[in-house]
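Reproduced below: protein_21.cif, with mmCIF, C-alpha atoms.
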```
data_coords
loop_
_atom_site.group_PDB
_atom_site.id
_atom_site.type_symbol
_atom_site.label_atom_id
_atom_site.label_comp_id
_atom_site.auth_asym_id
_atom_site.auth_seq_id
_atom_site.Cartn_x
_atom_site.Cartn_y
_atom_site.Cartn_z
ATOM 1 C CA MET V 1 -44.702 65.859 49.751
ATOM 2 C CA GLU V 2 -48.078 67.142 50.976
ATOM 3 C CA ILE V 3 -49.206 67.762 47.403
ATOM 4 C CA LEU V 4 -48.114 64.260 46.359
ATOM 5 C CA LEU V 5 -50.088 62.689 49.203
ATOM 6 C CA THR V 6 -53.123 64.748 48.187
ATOM 7 C CA ILE V 7 -52.766 63.592 44.570
ATOM 8 C CA ILE V 8 -52.493 59.960 45.710
ATOM 9 C CA LEU V 9 -55.535 60.290 47.991
ATOM 10 C CA TYR V 10 -57.759 61.813 45.323
ATOM 11 C CA GLY V 11 -56.435 59.343 42.761
ATOM 12 C CA LEU V 12 -57.479 56.440 44.957
ATOM 13 C CA LEU V 13 -60.878 58.049 45.572
ATOM 14 C CA MET V 14 -61.404 58.336 41.819
ATOM 15 C CA SER V 15 -60.550 54.653 41.428
ATOM 16 C CA VAL V 16 -63.102 53.731 44.109
ATOM 17 C CA ILE V 17 -65.782 55.440 42.000
ATOM 18 C CA ALA V 18 -65.293 52.621 39.469
ATOM 19 C CA LEU V 19 -66.944 50.294 41.994
ATOM 20 C CA ILE V 20 -70.185 52.262 41.721
ATOM 21 C CA GLY V 21 -71.068 50.058 38.765
ATOM 22 C CA GLY V 22 -72.162 47.451 41.292
ATOM 23 C CA ILE V 23 -75.231 49.558 42.052
ATOM 24 C CA THR V 24 -76.691 48.460 38.726
ATOM 25 C CA LEU V 25 -77.109 44.986 40.230
ATOM 26 C CA ILE V 26 -79.838 46.222 42.556
ATOM 27 C CA LEU V 27 -81.522 48.743 40.252
ATOM 28 C CA ARG V 28 -84.541 47.840 38.174
ATOM 29 C CA GLU V 29 -84.403 48.788 34.491
ATOM 30 C CA GLU V 30 -86.994 51.545 34.980
ATOM 31 C CA MET V 31 -84.971 53.118 37.788
ATOM 32 C CA TRP V 32 -81.779 52.867 35.733
ATOM 33 C CA GLN V 33 -83.379 54.669 32.797
ATOM 34 C CA GLN V 34 -84.708 57.386 35.100
ATOM 35 C CA LEU V 35 -81.340 58.044 36.753
ATOM 36 C CA ILE V 36 -78.750 57.778 34.026
ATOM 37 C CA LEU V 37 -79.678 60.761 31.832
ATOM 38 C CA PRO V 38 -80.010 63.236 34.737
ATOM 39 C CA LEU V 39 -76.575 62.035 35.874
ATOM 40 C CA VAL V 40 -75.212 62.649 32.378
ATOM 41 C CA ALA V 41 -76.733 66.151 32.388
ATOM 42 C CA PHE V 42 -75.213 66.820 35.819
ATOM 43 C CA ALA V 43 -71.821 65.640 34.547
ATOM 44 C CA ALA V 44 -72.069 67.931 31.519
ATOM 45 C CA GLY V 45 -72.793 70.932 33.736
ATOM 46 C CA SER V 46 -69.956 70.016 36.096
ATOM 47 C CA LEU V 47 -67.394 69.625 33.300
ATOM 48 C CA ILE V 48 -68.348 72.825 31.483
ATOM 49 C CA GLY V 49 -68.698 74.744 34.745
ATOM 50 C CA GLY V 50 -65.365 73.408 35.970
ATOM 51 C CA ALA V 51 -63.638 74.519 32.771
ATOM 52 C CA ILE V 52 -65.191 78.011 32.747
ATOM 53 C CA PHE V 53 -65.246 78.878 36.456
ATOM 54 C CA HIS V 54 -62.014 77.196 37.560
ATOM 55 C CA MET V 55 -59.603 75.826 34.997
ATOM 56 C CA ILE V 56 -59.524 78.730 32.547
ATOM 57 C CA PRO V 57 -59.227 81.398 35.305
ATOM 58 C CA GLY V 58 -56.601 79.218 37.020
ATOM 59 C CA ALA V 59 -54.642 78.970 33.787
ATOM 60 C CA VAL V 60 -54.820 82.757 33.349
ATOM 61 C CA ASP V 61 -53.399 83.234 36.853
ATOM 62 C CA LYS V 62 -50.562 80.797 36.146
ATOM 63 C CA MET V 63 -49.745 81.600 32.499
ATOM 64 C CA ASP V 64 -51.090 85.159 32.238
ATOM 65 C CA ASN V 65 -53.597 86.119 29.559
ATOM 66 C CA THR V 66 -51.332 85.077 26.685
ATOM 67 C CA SER V 67 -51.965 83.504 23.307
ATOM 68 C CA ALA V 68 -50.180 80.341 24.459
ATOM 69 C CA LEU V 69 -52.922 79.709 27.012
ATOM 70 C CA TYR V 70 -55.644 79.752 24.363
ATOM 71 C CA VAL V 71 -53.569 77.625 22.006
ATOM 72 C CA TRP V 72 -53.415 74.931 24.700
ATOM 73 C CA LEU V 73 -57.144 75.415 25.359
ATOM 74 C CA ILE V 74 -58.137 74.782 21.751
ATOM 75 C CA ALA V 75 -55.533 71.998 21.543
ATOM 76 C CA GLY V 76 -57.304 70.163 24.366
ATOM 77 C CA PHE V 77 -60.569 70.481 22.475
ATOM 78 C CA ILE V 78 -59.104 69.458 19.103
ATOM 79 C CA VAL V 79 -57.151 66.441 20.368
ATOM 80 C CA PHE V 80 -60.238 64.793 21.840
ATOM 81 C CA TYR V 81 -62.263 65.706 18.769
ATOM 82 C CA ALA V 82 -59.593 64.016 16.644
ATOM 83 C CA LEU V 83 -59.673 60.887 18.827
ATOM 84 C CA GLU V 84 -63.392 60.506 18.180
ATOM 85 C CA GLU V 85 -63.269 61.570 14.545
ATOM 86 C CA PHE V 86 -60.498 59.218 13.454
ATOM 87 C CA LEU V 87 -60.433 56.487 16.104
ATOM 88 C CA HIS V 88 -64.145 56.512 17.030
ATOM 89 C CA TRP V 89 -63.048 56.686 20.681
ATOM 90 C CA HIS V 90 -66.507 57.166 22.149
ATOM 91 C CA HIS V 91 -69.146 55.083 23.842
ATOM 92 C CA SER V 92 -72.539 56.086 25.038
ATOM 93 C CA HIS V 93 -73.250 56.677 28.730
ATOM 94 C CA THR V 94 -76.799 55.393 28.288
ATOM 95 C CA HIS V 95 -76.226 51.666 27.791
ATOM 96 C CA SER V 96 -79.182 49.393 28.357
ATOM 97 C CA HIS V 97 -78.810 46.426 30.713
ATOM 98 C CA HIS V 98 -80.391 44.109 28.165
ATOM 99 C CA CYS V 99 -79.993 45.472 24.656
ATOM 100 C CA ASN V 100 -76.207 45.666 24.933
ATOM 101 C CA ALA V 101 -76.167 41.899 24.573
ATOM 102 C CA LEU V 102 -76.703 42.556 20.859
ATOM 103 C CA ALA V 103 -73.221 44.002 20.596
ATOM 104 C CA THR V 104 -71.665 40.684 21.578
ATOM 105 C CA LYS V 105 -73.848 38.771 19.138
ATOM 106 C CA TRP V 106 -72.990 41.152 16.295
ATOM 107 C CA ASP V 107 -69.292 41.077 17.146
ATOM 108 C CA HIS V 108 -69.061 37.320 16.669
ATOM 109 C CA GLN V 109 -71.196 37.101 13.529
ATOM 110 C CA HIS V 110 -69.932 40.086 11.517
ATOM 111 C CA PRO V 111 -66.481 41.288 10.510
ATOM 112 C CA LYS V 112 -67.630 44.855 11.073
ATOM 113 C CA LYS V 113 -67.099 46.040 14.607
ATOM 114 C CA PRO V 114 -69.835 47.778 16.617
ATOM 115 C CA THR V 115 -68.647 51.251 17.537
ATOM 116 C CA SER V 116 -71.601 52.359 19.614
ATOM 117 C CA LEU V 117 -74.793 51.023 21.051
ATOM 118 C CA CYS V 118 -77.649 53.077 22.358
ATOM 119 C CA VAL V 119 -81.228 52.583 23.414
ATOM 120 C CA ASP V 120 -83.586 55.022 21.752
ATOM 121 C CA ASN V 121 -86.755 53.733 23.353
ATOM 122 C CA CYS V 122 -87.156 51.004 25.941
ATOM 123 C CA GLU V 123 -90.542 51.548 27.464
ATOM 124 C CA GLN V 124 -93.487 49.397 28.413
ATOM 125 C CA SER V 125 -93.972 47.338 25.269
ATOM 126 C CA LYS V 126 -91.345 48.347 22.770
ATOM 127 C CA CYS V 127 -87.566 48.426 22.603
ATOM 128 C CA THR V 128 -85.555 49.980 19.809
ATOM 129 C CA CYS V 129 -81.786 49.545 19.636
ATOM 130 C CA SER V 130 -79.214 50.900 17.216
ATOM 131 C CA ILE V 131 -75.833 49.351 16.542
ATOM 132 C CA GLY V 132 -73.250 51.517 14.799
ATOM 133 C CA LEU V 133 -71.113 49.465 12.420
ATOM 134 C CA GLU V 134 -67.769 50.613 11.108
ATOM 135 C CA ASN V 135 -67.236 49.498 7.536
ATOM 136 C CA THR V 136 -63.866 48.990 5.874
ATOM 137 C CA ASP V 137 -64.266 52.388 4.193
ATOM 138 C CA LYS V 138 -64.631 54.007 7.646
ATOM 139 C CA THR V 139 -68.268 54.989 7.169
ATOM 140 C CA ILE V 140 -70.824 54.317 9.859
ATOM 141 C CA ASN V 141 -74.062 52.471 9.170
ATOM 142 C CA PHE V 142 -76.800 52.003 11.711
ATOM 143 C CA VAL V 143 -78.915 48.885 11.954
ATOM 144 C CA ASP V 144 -82.148 49.270 13.873
ATOM 145 C CA ILE V 145 -83.497 46.213 15.660
ATOM 146 C CA GLU V 146 -87.004 46.548 16.958
ATOM 147 C CA SER V 147 -89.287 44.036 18.608
ATOM 148 C CA LEU V 148 -92.141 43.796 21.030
ATOM 149 C CA SER V 149 -91.443 42.545 24.514
ATOM 150 C CA GLN V 150 -93.003 39.320 25.720
ATOM 151 C CA GLU V 151 -96.177 39.491 27.725
ATOM 152 C CA ASN V 152 -94.741 37.991 30.883
ATOM 153 C CA ASN V 153 -91.784 40.347 31.292
ATOM 154 C CA LYS V 154 -93.946 43.429 32.016
ATOM 155 C CA GLY V 155 -91.929 45.547 29.588
ATOM 156 C CA ARG V 156 -88.667 45.252 31.488
ATOM 157 C CA GLU V 157 -86.733 42.984 29.138
ATOM 158 C CA CYS V 158 -85.734 44.101 25.647
ATOM 159 C CA ASN V 159 -86.192 41.123 23.350
ATOM 160 C CA THR V 160 -84.951 41.256 19.772
ATOM 161 C CA ALA V 161 -85.524 39.446 16.540
ATOM 162 C CA LEU V 162 -81.923 38.273 16.757
ATOM 163 C CA GLU V 163 -81.130 35.313 18.984
ATOM 164 C CA VAL V 164 -78.864 36.515 21.794
ATOM 165 C CA GLN V 165 -75.891 34.220 22.187
ATOM 166 C CA ASP V 166 -74.597 32.761 25.417
ATOM 167 C CA HIS V 167 -72.035 35.047 27.036
ATOM 168 C CA SER V 168 -69.551 32.336 27.992
ATOM 169 C CA SER V 169 -66.737 34.224 26.247
ATOM 170 C CA LYS V 170 -65.752 37.822 26.789
ATOM 171 C CA SER V 171 -66.556 40.155 23.883
ATOM 172 C CA PRO V 172 -63.591 41.993 22.305
ATOM 173 C CA LEU V 173 -65.696 45.128 22.710
ATOM 174 C CA SER V 174 -65.437 44.690 26.486
ATOM 175 C CA TRP V 175 -61.634 44.683 26.362
ATOM 176 C CA LEU V 176 -61.708 47.727 24.093
ATOM 177 C CA ILE V 177 -63.849 49.588 26.642
ATOM 178 C CA LEU V 178 -61.369 48.750 29.422
ATOM 179 C CA VAL V 179 -58.345 49.883 27.405
ATOM 180 C CA ALA V 180 -60.041 53.117 26.321
ATOM 181 C CA ASP V 181 -61.070 53.855 29.910
ATOM 182 C CA ALA V 182 -57.557 53.164 31.196
ATOM 183 C CA VAL V 183 -56.060 55.651 28.727
ATOM 184 C CA HIS V 184 -58.792 58.190 29.441
ATOM 185 C CA ASN V 185 -58.258 57.864 33.196
ATOM 186 C CA PHE V 186 -54.486 58.221 32.829
ATOM 187 C CA ILE V 187 -54.896 61.488 30.936
ATOM 188 C CA GLY V 188 -57.514 62.682 33.437
ATOM 189 C CA GLY V 189 -55.149 61.927 36.309
ATOM 190 C CA MET V 190 -52.465 64.091 34.707
ATOM 191 C CA PHE V 191 -54.942 66.955 34.287
ATOM 192 C CA VAL V 192 -56.162 66.836 37.877
ATOM 193 C CA SER V 193 -52.636 66.476 39.235
ATOM 194 C CA ALA V 194 -51.555 69.588 37.323
ATOM 195 C CA SER V 195 -54.540 71.407 38.842
ATOM 196 C CA PHE V 196 -53.486 70.409 42.380
ATOM 197 C CA LEU V 197 -49.973 71.640 41.621
ATOM 198 C CA ASP V 198 -51.495 75.025 40.800
ATOM 199 C CA SER V 199 -53.713 75.322 43.878
ATOM 200 C CA MET V 200 -55.767 73.166 46.221
ATOM 201 C CA HIS V 201 -59.149 74.633 45.270
ATOM 202 C CA LEU V 202 -58.410 74.288 41.538
ATOM 203 C CA GLY V 203 -57.440 70.656 42.087
ATOM 204 C CA ILE V 204 -60.587 69.900 44.083
ATOM 205 C CA SER V 205 -62.778 71.583 41.458
ATOM 206 C CA ALA V 206 -61.125 69.642 38.636
ATOM 207 C CA TRP V 207 -61.468 66.391 40.593
ATOM 208 C CA LEU V 208 -65.164 66.986 41.312
ATOM 209 C CA ALA V 209 -65.883 67.740 37.645
ATOM 210 C CA ALA V 210 -64.001 64.604 36.559
ATOM 211 C CA ALA V 211 -65.780 62.504 39.219
ATOM 212 C CA ALA V 212 -69.189 63.746 38.059
ATOM 213 C CA HIS V 213 -68.319 62.510 34.572
ATOM 214 C CA GLU V 214 -66.971 59.185 35.823
ATOM 215 C CA ILE V 215 -70.131 58.137 37.687
ATOM 216 C CA PRO V 216 -72.471 57.690 34.670
ATOM 217 C CA GLN V 217 -69.570 56.395 32.570
ATOM 218 C CA GLU V 218 -68.624 53.695 35.072
ATOM 219 C CA LEU V 219 -72.274 52.649 35.449
ATOM 220 C CA GLY V 220 -72.519 52.152 31.703
ATOM 221 C CA ASP V 221 -69.154 50.413 31.423
ATOM 222 C CA PHE V 222 -70.049 47.899 34.131
ATOM 223 C CA ALA V 223 -73.236 47.018 32.235
ATOM 224 C CA ILE V 224 -71.209 46.458 29.049
ATOM 225 C CA LEU V 225 -68.728 44.152 30.777
ATOM 226 C CA VAL V 226 -71.421 42.018 32.421
ATOM 227 C CA HIS V 227 -73.350 41.651 29.184
ATOM 228 C CA GLY V 228 -70.113 40.977 27.320
ATOM 229 C CA GLY V 229 -69.648 37.755 29.285
ATOM 230 C CA TRP V 230 -67.846 38.935 32.411
ATOM 231 C CA SER V 231 -68.860 37.777 35.863
ATOM 232 C CA LYS V 232 -70.075 40.596 38.095
ATOM 233 C CA LYS V 233 -67.102 40.192 40.425
ATOM 234 C CA LYS V 234 -64.534 40.267 37.623
ATOM 235 C CA ALA V 235 -66.270 43.226 35.972
ATOM 236 C CA LEU V 236 -65.957 45.246 39.182
ATOM 237 C CA ILE V 237 -62.317 44.217 39.714
ATOM 238 C CA PHE V 238 -61.179 44.998 36.167
ATOM 239 C CA ASN V 239 -63.131 48.259 36.122
ATOM 240 C CA PHE V 240 -61.349 49.227 39.345
ATOM 241 C CA VAL V 241 -57.944 48.246 37.937
ATOM 242 C CA SER V 242 -58.489 50.313 34.778
ATOM 243 C CA ALA V 243 -59.432 53.272 36.996
ATOM 244 C CA LEU V 244 -56.101 53.011 38.865
ATOM 245 C CA THR V 245 -54.441 54.561 35.819
ATOM 246 C CA PHE V 246 -55.957 57.850 37.051
ATOM 247 C CA LEU V 247 -53.629 57.614 40.058
ATOM 248 C CA LEU V 248 -50.719 56.632 37.795
ATOM 249 C CA GLY V 249 -51.322 59.647 35.564
ATOM 250 C CA GLY V 250 -51.398 61.920 38.605
ATOM 251 C CA ILE V 251 -48.072 60.613 39.888
ATOM 252 C CA VAL V 252 -46.472 60.903 36.432
ATOM 253 C CA ALA V 253 -47.579 64.544 36.155
ATOM 254 C CA TYR V 254 -46.264 65.270 39.658
ATOM 255 C CA LEU V 255 -42.852 63.758 38.887
ATOM 256 C CA ALA V 256 -42.711 65.510 35.514
ATOM 257 C CA SER V 257 -43.385 68.844 37.226
ATOM 258 C CA LYS V 258 -39.951 68.559 38.872
ATOM 259 C CA ALA V 259 -38.295 68.831 35.460
ATOM 260 C CA VAL V 260 -40.776 70.780 33.303
ATOM 261 C CA ASP V 261 -43.565 73.274 33.794
ATOM 262 C CA VAL V 262 -46.852 71.324 33.543
ATOM 263 C CA SER V 263 -49.084 74.411 33.795
ATOM 264 C CA PHE V 264 -50.091 73.912 30.153
ATOM 265 C CA LEU V 265 -52.055 70.823 31.231
ATOM 266 C CA VAL V 266 -54.615 73.055 32.977
ATOM 267 C CA PRO V 267 -55.904 74.901 29.858
ATOM 268 C CA PHE V 268 -55.446 71.673 27.864
ATOM 269 C CA ALA V 269 -57.714 69.905 30.364
ATOM 270 C CA ALA V 270 -60.220 72.775 30.160
ATOM 271 C CA GLY V 271 -60.484 72.218 26.407
ATOM 272 C CA ASN V 272 -60.954 68.508 27.055
ATOM 273 C CA PHE V 273 -63.697 69.190 29.618
ATOM 274 C CA LEU V 274 -65.492 71.573 27.250
ATOM 275 C CA TYR V 275 -65.383 69.018 24.437
ATOM 276 C CA ILE V 276 -66.663 66.105 26.531
ATOM 277 C CA GLY V 277 -69.429 68.185 28.094
ATOM 278 C CA ALA V 278 -70.634 69.877 24.916
ATOM 279 C CA SER V 279 -69.985 67.189 22.301
ATOM 280 C CA ASP V 280 -70.319 63.873 24.150
ATOM 281 C CA LEU V 281 -72.762 64.470 26.981
ATOM 282 C CA ILE V 282 -75.223 67.184 25.938
ATOM 283 C CA PRO V 283 -76.169 65.398 22.651
ATOM 284 C CA GLU V 284 -77.236 62.389 24.738
ATOM 285 C CA ILE V 285 -79.814 64.399 26.708
ATOM 286 C CA LYS V 286 -81.259 66.947 24.292
ATOM 287 C CA HIS V 287 -83.319 64.760 21.953
ATOM 288 C CA HIS V 288 -86.355 64.272 24.170
ATOM 289 C CA HIS V 289 -89.815 65.612 23.402
ATOM 290 C CA ASP V 290 -91.159 65.246 26.930
ATOM 291 C CA ILE V 291 -91.123 68.704 28.522
ATOM 292 C CA GLN V 292 -90.791 67.225 32.013
ATOM 293 C CA GLN V 293 -87.750 65.187 31.027
ATOM 294 C CA ASN V 294 -86.209 68.198 29.317
ATOM 295 C CA ALA V 295 -86.809 70.309 32.428
ATOM 296 C CA LEU V 296 -85.213 67.636 34.637
ATOM 297 C CA HIS V 297 -82.154 67.395 32.393
ATOM 298 C CA PHE V 298 -81.787 71.178 32.239
ATOM 299 C CA ALA V 299 -82.110 71.423 36.023
ATOM 300 C CA SER V 300 -79.482 68.681 36.472
ATOM 301 C CA PHE V 301 -77.125 70.524 34.126
ATOM 302 C CA PHE V 302 -77.784 73.788 35.980
ATOM 303 C CA VAL V 303 -77.054 72.142 39.341
ATOM 304 C CA GLY V 304 -73.749 70.718 38.045
ATOM 305 C CA ALA V 305 -72.612 74.087 36.716
ATOM 306 C CA GLY V 306 -73.997 75.843 39.814
ATOM 307 C CA ILE V 307 -71.931 73.689 42.166
ATOM 308 C CA MET V 308 -68.787 74.643 40.245
ATOM 309 C CA LEU V 309 -69.740 78.324 40.510
ATOM 310 C CA GLY V 310 -70.500 77.912 44.215
ATOM 311 C CA ILE V 311 -67.052 76.429 44.861
ATOM 312 C CA ARG V 312 -65.415 79.349 43.061
ATOM 313 C CA LEU V 313 -67.420 81.893 45.037
ATOM 314 C CA ALA V 314 -66.500 80.117 48.290
ATOM 315 C CA PHE V 315 -62.775 80.281 47.536
ATOM 316 C CA GLU V 316 -62.450 83.401 45.416
ATOM 317 C CA GLY V 317 -65.539 85.522 46.135
ATOM 318 C CA TRP V 318 -67.593 87.306 43.504
#
```
Mind converting the file's structure to structure tokens?
Amino acid sequence: MEILLTIILYGLLMSVIALIGGITLILREEMWQQLILPLVAFAAGSLIGGAIFHMIPGAVDKMDNTSALYVWLIAGFIVFYALEEFLHWHHSHTHSHHCNALATKWDHQHPKKPTSLCVDNCEQSKCTCSIGLENTDKTINFVDIESLSQENNKGRECNTALEVQDHSSKSPLSWLILVADAVHNFIGGMFVSASFLDSMHLGISAWLAAAAHEIPQELGDFAILVHGGWSKKKALIFNFVSALTFLLGGIVAYLASKAVDVSFLVPFAAGNFLYIGASDLIPEIKHHHDIQQNALHFASFFVGAGIMLGIRLAFEGW
């Protein structure tokens, strides 16, 4: 019963993180752009560090150093690779407050669905956006939209050559983001619950790594919902509701553990963490030519991984 209460508590805490999206309401665009990529780098370090320093050693303790452990490890990596490869289940963590409005416009005017939207450059006088379009033959084309900002907006608004439509209706892309997040959170809840069933320190480490990933993701998702036509209040509420599936996944894993051994979820989750950190997050931070930015991102990654190592040393020693 104590473990179940712990799983419920940490599940609720993870859901509360979804409300962090509200902080974007008080951040200026410049501050947002300065914070989001270091947060992504920190999340990458936390996920990879959590997998290497906690989840893999924890799985070895529980399952012994057998081939089955490494099969589940690579399975966790492959499954999430397959989700992105065949279902394009991915969205950038670096959404712009303003340029994401293009996704809604494109969604209503074209039969091709936008699969990703990123801001390559949104500085003082220039904003470049890319919209990934999925064709019927499953190839991805990118349309670049570039324009100069107006004189009176001091470089903070990203104006485009396309007329941005009124967001009175909610974009289908917004609903897709919510559904994808709900599924992702459910699976994450199962992983973390299985870690708590193994040991308290493994569960805390897994939760911290997952939380570090959730913060930049929830910030970006909130921006998408608002610019997809949602009111700020409804965006926060629905983001919170979709995050509750983390708690549901945790409870399901706990109940399942009464009938079957769920230890395999630990190495499976480690493979998932390695994939997200290395394939989803690091590519978003490594294409900068500014040495100071690169140093900041590397330091943020190092801090994330270092915290995971510090937790292991505190519980297990060197």
Legend entry - Result set of the PyMOL selection byres ((chain V and resi 282) around 10) on the coordinates above, as a VMD selection string: chain V and resid 37 40 to 45 276 to 281 283 to 287 297 to 298 301
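For the choices V:Ala59, V:Met14, V:Met1, V:Ile20, the atom-to-atom distance to Glu218 in chain V is smallest for V:Ile20 when using only C-alpha atoms.
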Legend entry - Of the listed residues V:Ile26, V:Val71, V:Ala51, V:Met190, that which approaches Leu202 in chain V most closely, counting only C-alpha atoms: V:Ala51
Inset, instruction - Find the distance between CA of His184 in chain V and CA of Ala243 in chain V and write it in Å to one decimal. - result: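 The value is 9.0 Å.
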Legend entry - Residues matched by the PyMOL selection byres ((chain V and resi 15) around 6), written as a list in words: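 Output of the PyMOL selection byres ((chain V and resi 15) around 6): Leu12, Leu13, Met14, Val16, Ile17, Ala18, Phe240, Ala243 and Leu244 of chain V.
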Inset, instruction - Name the residues in contact with Ala253 in chain V at a cut-off of 7 Å, using all atoms listed in the file, excluding same-chain residues fewer than 4 positions from it; report them as an MDAnalysis selection string. - result: chainID V and resid 190 193:194 249 257
Legend entry - Among the residues V:Ile74, V:Leu19, V:Val79, V:Ala212, the one that comes closest to Ile307 in chain V [using all atoms listed in the file]: V:Ala212
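Non-sequential neighbours of Gly203 in chain V (distance at most 8 Å, separation of 4 or more positions within a chain, all atoms listed in the file) are Val192, Ser193, Ala194, Ser195, Phe196, Leu197, Asp198, Ser199 and Trp207 of chain V.
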Legend entry - Explicit residue set for the PyMOL selection byres ((chain V and resi 221-227) around 7), as a PyMOL selection string: chain V and resi 21+97+100-101+174+217-220+228-232+235
Please return the centre and edge lengths, in Å to one decimal, of a box with edges along x, y and z that contains all listed atoms of range 297-313 of chain V, widened by 4 Å on every side, as AutoDock Vina command-line options.
```
--center_x -73.8 --center_y 74.6 --center_z 38.6 --size_x 24.7 --size_y 22.5 --size_z 20.8
```
Inset, instruction - In the coordinate frame of the file, compute which residues have an atom within 12 Å of (-54.1, 56.0, 27.1) when using all atoms listed in the file, and state them as a list in words. - result: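 Checked against the point, the hits come out as Phe80, Leu83, Trp89, Leu176, Ile177, Leu178, Val179, Ala180, Asp181, Ala182, Val183, His184, Asn185, Phe186, Ile187, Gly188, Gly189, Met190, Ser242, Ala243, Thr245, Phe246, Leu248 and Gly249 of chain V.
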Inset, instruction - Between CA of Val266 in chain V and CA of Arg312 in chain V, measure the distance and give it in Å to one decimal. - result: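 Between these atoms lies a distance of 16.1 Å.
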Inset, instruction - Would you list the contacts of Ala210 in chain V as a ChimeraX atom specification, taking every protein, DNA or RNA residue within 7 Å and counting all atoms listed in the file, but skipping same-chain residues closer than 4 positions in sequence? - result: /V:47,206,214
Print the selection's residues with C-alpha atoms to a file, as a tab-separated table (two decimals), keeping the file's coordinate frame.
```tsv
chain	number	residue	atom	x	y	z
V	47	LEU	CA	-67.39	69.62	33.30
V	206	ALA	CA	-61.12	69.64	38.64
V	214	GLU	CA	-66.97	59.18	35.82
```
Inset, instruction - Would you work out the distance separating CA of Asp290 in chain V from CA of Glu29 in chain V, expressed in Å to one decimal? - result: 19.3 Å
Which residues are near Ile7 in chain V? Cut-off 8 Å, only C-alpha atoms, ignore same chain within fewer than 2 positions. Put them as a short mmCIF file (atom, residue, chain, number, x, y, z; two decimals) with C-alpha atoms, keeping the file's coordinate frame.
```cif
data_model
loop_
_atom_site.label_atom_id
_atom_site.label_comp_id
_atom_site.auth_asym_id
_atom_site.auth_seq_id
_atom_site.Cartn_x
_atom_site.Cartn_y
_atom_site.Cartn_z
CA ILE V 3 -49.21 67.76 47.40
CA LEU V 4 -48.11 64.26 46.36
CA LEU V 5 -50.09 62.69 49.20
CA LEU V 9 -55.54 60.29 47.99
CA TYR V 10 -57.76 61.81 45.32
CA GLY V 11 -56.44 59.34 42.76
CA SER V 193 -52.64 66.48 39.24
CA PHE V 196 -53.49 70.41 42.38
CA LEU V 247 -53.63 57.61 40.06
CA GLY V 250 -51.40 61.92 38.60
CA ILE V 251 -48.07 60.61 39.89
#
```
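Distance annotation: of V:Tyr254, V:Ile56, V:Lys233, V:Leu25, the residue with the minimal separation from Thr6 in chain V is V:Tyr254; atom set is all atoms listed in the file.
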For range 10-22 of chain V, supply N, CA and C atoms and report the output as an mmCIF file, keeping the file's coordinate frame.
```
data_model
loop_
_atom_site.group_PDB
_atom_site.id
_atom_site.type_symbol
_atom_site.label_atom_id
_atom_site.label_comp_id
_atom_site.auth_asym_id
_atom_site.auth_seq_id
_atom_site.Cartn_x
_atom_site.Cartn_y
_atom_site.Cartn_z
ATOM 1 N N TYR V 10 -56.662 61.558 46.265
ATOM 2 C CA TYR V 10 -57.759 61.813 45.323
ATOM 3 C C TYR V 10 -57.719 60.843 44.143
ATOM 4 N N GLY V 11 -56.530 60.362 43.803
ATOM 5 C CA GLY V 11 -56.435 59.343 42.761
ATOM 6 C C GLY V 11 -57.085 58.040 43.183
ATOM 7 N N LEU V 12 -56.846 57.654 44.431
ATOM 8 C CA LEU V 12 -57.479 56.440 44.957
ATOM 9 C C LEU V 12 -58.988 56.602 45.068
ATOM 10 N N LEU V 13 -59.433 57.792 45.482
ATOM 11 C CA LEU V 13 -60.878 58.049 45.572
ATOM 12 C C LEU V 13 -61.541 57.939 44.201
ATOM 13 N N MET V 14 -60.856 58.440 43.167
ATOM 14 C CA MET V 14 -61.404 58.336 41.819
ATOM 15 C C MET V 14 -61.507 56.872 41.392
ATOM 16 N N SER V 15 -60.520 56.077 41.774
ATOM 17 C CA SER V 15 -60.550 54.653 41.428
ATOM 18 C C SER V 15 -61.707 53.941 42.128
ATOM 19 N N VAL V 16 -61.998 54.335 43.367
ATOM 20 C CA VAL V 16 -63.102 53.731 44.109
ATOM 21 C C VAL V 16 -64.434 53.980 43.405
ATOM 22 N N ILE V 17 -64.544 55.121 42.719
ATOM 23 C CA ILE V 17 -65.782 55.440 42.000
ATOM 24 C C ILE V 17 -66.100 54.358 40.975
ATOM 25 N N ALA V 18 -65.068 53.684 40.452
ATOM 26 C CA ALA V 18 -65.293 52.621 39.469
ATOM 27 C C ALA V 18 -66.160 51.503 40.036
ATOM 28 N N LEU V 19 -66.155 51.351 41.362
ATOM 29 C CA LEU V 19 -66.944 50.294 41.994
ATOM 30 C C LEU V 19 -68.428 50.621 42.042
ATOM 31 N N ILE V 20 -68.781 51.867 41.669
ATOM 32 C CA ILE V 20 -70.185 52.262 41.721
ATOM 33 C C ILE V 20 -71.020 51.472 40.724
ATOM 34 N N GLY V 21 -70.341 50.872 39.733
ATOM 35 C CA GLY V 21 -71.068 50.058 38.765
ATOM 36 C C GLY V 21 -71.873 48.959 39.417
ATOM 37 N N GLY V 22 -71.443 48.511 40.595
ATOM 38 C CA GLY V 22 -72.162 47.451 41.292
ATOM 39 C C GLY V 22 -73.582 47.831 41.659
#
```
